[in-house]
Amino acid sequence: MFKRKFITVLLIISVAALILSGAVCLAACNAQISDGTLIVGTTTVVDTLNRLDAGGGKPGYAYTMLSSTLAQVPLVYRSRGEFLSALCDIDCSDDGLSWTFKLKDGFIWHDGVAVCAEDLSYTLKNSLSENEINDICEKDGRVTVRLKQAKASFLNGLVSVTLQPKHILEGVTKDTITDGQSVIGCGPFCFVKRDTAAGTIEFRKFEDYPYAESIEIERVIFKQFNSEDSMRLALKAGELDMLWDYGGGLDANAYSELNGNSKLKFISYPTDAIPKVLFFNNGKLTDVKVKEAIKRAIDYGKIARIFGTPHSALPREGFVAPHVFGYKQTAELKRDLTEAKRLLREAGYSERNKFDFELLVRASGDDSQYADLIKTDLEETGMIAVRLIVKGGDWQSYYQSGAHTASLAGITAAGYSFEAGYGTRYMLTTQNSVMQEAGFIKNPVGHGQIAIDDGFGKLTEFGEIRQALADAQRADGTLEAAVERYQDYFVKYTPAIALMYDSKIQVMSDKLTGAGVDDTFGILNVQSFVSLKKRV
């Protein structure tokens, strides 16, 4: 009897010990996983994994940008103004017409297929416009792009272009590609799963990545939040390691809320991005005096105080910010209500005959807050009646209709470099287009196809400037001269107004060290993971 009881007790103790040791092992395992896991908060909604349905802000755009930070590898990245590449050695001919790319050794697609020069050639052919290149040649593992005209902004246009797997994507369309095909990349992390119910997307370290031995982070989990407030609460509680918002950083309110928290640290760096721009519908509003009056009526200091970080600055007459290459001294934009009223009277408006200003505003984001301030400022002239048109999902269709006088949008660092650089692409969209001036043709909707003449080979003034920007080079001074002309055009005609400049401020846990900066993707980027470490 005693023996049976002893054995029973012994079994209970043994089981308890096993459970306890298992719990200890599990805790140790979880601790190990936790130590090697980077948890990133975001309010960005990933609707689909379809990378072929990503153009023009379509549903796949969010995943394409998110995966470009760790799973897909950009051809070129720019850090504090310097162009580098994890994938290729890049060489340019003395005349600026030929760019040669040679893949570095060791890159493998996540399905086990070796990355090859054909992938690079395939990517470049799909990413560059036929209007700007003579040909793309592949020889001895090198791919050479021959341009029709030397283009100083050529590498700028590649910073958000990721290498594409030809063996997977060739012959498929956005309607036939599978999620399994779409997520294949050659970056340091590979896709694991998306849990729509939990709002998470998980990636794990790709052991065959060339620099995998240097990478300490084992997995990355993106967690979606429904609001900025709840996401920041999770960050302050230590549940998140950093935040992700493509092209974005902390706004003034977020920075004020988080600054001073001893468990967080901040990285600040200048960027080409412009937080918010007032874009005129230049096909509808052609009176330069009215645009000038609107420019004079806005209180930029108030905008910077409300929306800017401590690094914000007043915008300039010439649109280009002082830290951007080619900037020439132009005056800061400051409010002058008296001058605004004078210009409006000269344009034929009065307290009885007010200018009807329809401002198109997105329902999401902070556009409505900006719009309220602008409305108040403009109506203080007594000669402008502002109507705010707030649109959600139908914003784009209303924009294309051209009924609005102006609209609001931000310019990301990548977007700033599109077309001829310096934000020119945003001036060429269908209803912003300065190509419509003086009776010239309306810019058609198209992917990279920009019409810049009147059908008789005659360029508009802006068209000539854009062409000069596209053809210019830094080395011979032509780019600086073209940027000067670009700024002079803004001073004279005001096709759009930058409402302020700001540095990008990003935040991360104080447990993280070694984060590198990518001017396009911020502190979460392919290069960062080689040096990024998370202490216990």
# chains A, B, ... in the order shown; residues from 1 in each chain; ligands from 1
>>> residues_around(residues="Val143 in chain A", least_positions_apart="3", cutoff="9 Å", atoms="only C-alpha atoms", output="number ranges by chain")
A: 99-103, 117-118, 120-121, 136-140
>>> write_last_selection(atoms="N, CA, C and O atoms", output="tab-separated table (two decimals), in the first residue's frame")
chain	number	residue	atom	x	y	z
A	99	TRP	N	24.51	53.03	-68.81
A	99	TRP	CA	24.57	52.60	-67.42
A	99	TRP	C	24.69	51.08	-67.41
A	99	TRP	O	23.83	50.39	-67.97
A	100	THR	N	25.75	50.56	-66.78
A	100	THR	CA	25.98	49.12	-66.76
A	100	THR	C	25.80	48.56	-65.35
A	100	THR	O	26.35	49.09	-64.38
A	101	PHE	N	25.00	47.48	-65.26
A	101	PHE	CA	24.71	46.83	-63.99
A	101	PHE	C	25.30	45.41	-64.01
A	101	PHE	O	25.06	44.66	-64.95
A	102	LYS	N	26.04	45.06	-62.97
A	102	LYS	CA	26.55	43.70	-62.83
A	102	LYS	C	26.10	43.15	-61.48
A	102	LYS	O	26.42	43.70	-60.42
A	103	LEU	N	25.32	42.07	-61.53
A	103	LEU	CA	24.82	41.48	-60.30
A	103	LEU	C	25.95	40.99	-59.41
A	103	LEU	O	26.93	40.41	-59.88
A	117	ALA	N	21.30	37.51	-64.53
A	117	ALA	CA	21.26	38.77	-65.29
A	117	ALA	C	19.96	38.91	-66.08
A	117	ALA	O	19.50	40.02	-66.33
A	118	GLU	N	19.35	37.79	-66.46
A	118	GLU	CA	18.07	37.85	-67.19
A	118	GLU	C	16.99	38.50	-66.33
A	118	GLU	O	16.13	39.20	-66.86
A	120	LEU	N	17.53	40.81	-64.10
A	120	LEU	CA	17.84	42.24	-64.10
A	120	LEU	C	17.40	42.89	-65.40
A	120	LEU	O	16.78	43.96	-65.40
A	121	SER	N	17.70	42.25	-66.52
A	121	SER	CA	17.30	42.77	-67.82
A	121	SER	C	15.78	42.85	-67.93
A	121	SER	O	15.22	43.85	-68.39
A	136	ILE	N	18.49	47.86	-74.28
A	136	ILE	CA	19.02	47.22	-73.09
A	136	ILE	C	19.73	45.95	-73.54
A	136	ILE	O	19.11	45.06	-74.14
A	137	CYS	N	21.03	45.87	-73.29
A	137	CYS	CA	21.84	44.74	-73.77
A	137	CYS	C	22.35	43.92	-72.58
A	137	CYS	O	22.73	44.47	-71.55
A	138	GLU	N	22.37	42.61	-72.77
A	138	GLU	CA	22.87	41.70	-71.75
A	138	GLU	C	24.05	40.92	-72.31
A	138	GLU	O	23.95	40.28	-73.36
A	139	LYS	N	25.19	40.98	-71.63
A	139	LYS	CA	26.39	40.30	-72.11
A	139	LYS	C	27.32	40.00	-70.94
A	139	LYS	O	27.61	40.88	-70.12
A	140	ASP	N	27.77	38.75	-70.87
A	140	ASP	CA	28.73	38.32	-69.85
A	140	ASP	C	28.29	38.67	-68.44
A	140	ASP	O	29.08	39.13	-67.60
>>> residues_around(residues="Lys151 in chain A", least_positions_apart="4", cutoff="8 Å", atoms="only C-alpha atoms", output="short mmCIF file (atom, residue, chain, number, x, y, z; two decimals) with C-alpha atoms, in the first residue's frame")
data_model
loop_
_atom_site.label_atom_id
_atom_site.label_comp_id
_atom_site.auth_asym_id
_atom_site.auth_seq_id
_atom_site.Cartn_x
_atom_site.Cartn_y
_atom_site.Cartn_z
CA GLY A 96 26.11 59.72 -69.19
CA LEU A 97 24.35 57.69 -71.91
CA LEU A 147 19.73 56.15 -72.92
CA LEU A 469 15.74 68.62 -66.25
CA ALA A 470 15.44 65.17 -67.83
CA ASP A 471 18.48 65.68 -70.10
CA ALA A 472 20.73 67.49 -67.63
CA GLN A 473 23.76 66.20 -65.75
#
>>> residues_around(residues="Glu202 in chain A", least_positions_apart="4", cutoff="10 Å", atoms="only C-alpha atoms", output="JSON, numbers by chain")
{"A": [39, 189, 190, 191, 192, 193, 194, 195, 219, 220, 221, 222, 223]}
>>> residues_around(residues="Thr37 in chain A", least_positions_apart="6", cutoff="10 Å", atoms="only C-alpha atoms", output="ChimeraX atom specification")
/A:31,203-204,216-221,241,534
>>> write_last_selection(atoms="C-alpha atoms", output="JSON list (two decimals), in the first residue's frame")
[["chain", "number", "residue", "atom", "x", "y", "z"],
["A", 31, "ALA", "CA", 12.23, 34.32, -25.04],
["A", 203, "PHE", "CA", 8.20, 37.07, -42.59],
["A", 204, "ARG", "CA", 11.16, 34.89, -41.53],
["A", 216, "GLU", "CA", 20.34, 38.75, -36.00],
["A", 217, "ILE", "CA", 16.62, 39.35, -36.50],
["A", 218, "GLU", "CA", 14.93, 35.98, -37.12],
["A", 219, "ARG", "CA", 11.45, 37.09, -38.06],
["A", 220, "VAL", "CA", 9.45, 40.25, -38.70],
["A", 221, "ILE", "CA", 5.76, 40.65, -37.94],
["A", 241, "ASP", "CA", 9.63, 47.84, -31.99],
["A", 534, "LYS", "CA", 17.72, 43.96, -30.69]]
>>> closest_residue(among="A:Ile294, A:Leu158, A:Gly326, A:Gln369", to="Met383 in chain A", atoms="only C-alpha atoms")
A:Ile294
>>> select_by_dssp(residues="range 74-299 of chain A", states="strand (DSSP E or B)", output="PyMOL selection string")
chain A and resi 74+77-79+82-84+88-92+98-103+108+114+133-139+142-147+162+189-195+200-205+219-224+242-243+264-269+274-280
>>> residues_around(residues="Leu250 in chain A", least_positions_apart="4", cutoff="9 Å", atoms="only C-alpha atoms", output="list in words")
Ala254, Tyr255, Thr309, Lys504, Ile505, Gln506 and Val507 of chain A
>>> write_last_selection(atoms="C-alpha atoms", output="PDB file, in the first residue's frame")
ATOM      1  CA  ALA A 254       2.799  62.135 -32.733  1.00  0.00           C
ATOM      2  CA  TYR A 255       6.293  63.450 -32.083  1.00  0.00           C
ATOM      3  CA  THR A 309       7.981  68.736 -36.385  1.00  0.00           C
ATOM      4  CA  LYS A 504      11.464  62.895 -41.620  1.00  0.00           C
ATOM      5  CA  ILE A 505      11.425  61.725 -38.014  1.00  0.00           C
ATOM      6  CA  GLN A 506      11.046  58.027 -37.301  1.00  0.00           C
ATOM      7  CA  VAL A 507      10.782  56.268 -33.981  1.00  0.00           C
TER       8      VAL A 507
END
>>> closest_residue(among="A:Val45, A:Leu388, A:Leu524, A:Ala252", to="Arg362 in chain A", atoms="only C-alpha atoms")
A:Leu388
>>> closest_residue(among="A:Thr271, A:Asn353, A:Thr42, A:Asn261", to="Ala321 in chain A", atoms="only C-alpha atoms")
A:Thr271
